[in-house]
Amino acid sequence: LSNETSQQLSKSINVLQDEQAGLTKQVEKKQYEVDDLNEKIAELTMEIERKNVTILSLGDESKKKDDVFEQMREKLQSKEGEMEQLQSELSQTKQDLAVSNERAVNALATLEDIERKFATRRIEQESA
């Protein structure tokens, strides 16, 4: 029975270690996604600022320029919508990252608890 218990504990530890490794990979992937989304948001922000400058400079020109102004404003609004979408995705990714981090911490705590129990049982068995 002691050997079976030891084997079951070893299997449980292996399962938890595999789960922890998987969660760690998920955390790394989510962090990469967060970094990528932050980079896209920065690029869109710069593009929006450039478009704002362009829009302001076109405001004083002719009717043809007014048409370009309107097109640029619509593009700017589209880019702002894209930025809002990216920010929403970033927020969700951060939430997912927090959940993954919490799972990894919980898995590690469970693994450490099992290892302590296993060591305690081994010491008790050796003492007996």
# chains A, B, ... in the order shown; residues from 1 in each chain; ligands from 1
call {"tool": "residues_around", "arguments": {"residues": "stretch 85-101 of chain A", "least_positions_apart": "3", "cutoff": "6 Å", "atoms": "only C-alpha atoms", "output": "MDAnalysis selection string"}}
result
chainID A and resid 27 30 34 82 104
call {"tool": "write_last_selection", "arguments": {"atoms": "N, CA, C and O atoms", "output": "short mmCIF file (atom, residue, chain, number, x, y, z; two decimals), in the first residue's frame"}}
result
data_model
loop_
_atom_site.label_atom_id
_atom_site.label_comp_id
_atom_site.auth_asym_id
_atom_site.auth_seq_id
_atom_site.Cartn_x
_atom_site.Cartn_y
_atom_site.Cartn_z
N VAL A 27 1.17 31.67 -19.94
CA VAL A 27 1.51 33.00 -19.42
C VAL A 27 2.49 33.69 -20.37
O VAL A 27 2.33 34.87 -20.70
N LYS A 30 0.61 34.78 -23.47
CA LYS A 30 -0.24 35.95 -23.19
C LYS A 30 0.62 37.20 -23.05
O LYS A 30 0.24 38.27 -23.51
N VAL A 34 0.32 40.59 -25.11
CA VAL A 34 0.22 41.91 -24.47
C VAL A 34 1.26 42.84 -25.07
O VAL A 34 0.95 43.98 -25.44
N GLU A 82 -10.15 50.97 -34.29
CA GLU A 82 -9.21 49.85 -34.22
C GLU A 82 -8.42 49.91 -32.91
O GLU A 82 -8.19 48.88 -32.27
N ALA A 104 -1.01 29.22 -12.21
CA ALA A 104 0.36 28.74 -12.05
C ALA A 104 0.78 28.79 -10.58
O ALA A 104 1.40 27.86 -10.07
#
call {"tool": "closest_residue", "arguments": {"among": "A:Phe118, A:Gln26, A:Lys51, A:Glu39", "to": "A:Gln8", "atoms": "only C-alpha atoms"}}
result
A:Phe118
call {"tool": "closest_residue", "arguments": {"among": "A:Arg103, A:Arg121, A:Lys79, A:Lys64", "to": "A:Ile41", "atoms": "only C-alpha atoms"}}
result
A:Lys79
call {"tool": "closest_residue", "arguments": {"among": "A:Glu80, A:Leu9, A:Glu49, A:Ser2", "to": "A:Lys117", "atoms": "only C-alpha atoms"}}
result
A:Leu9
call {"tool": "atom_distance", "arguments": {"atom1": "atom CA of A:Glu43", "atom2": "atom CA of A:Gln77"}}
result
15.2 Å
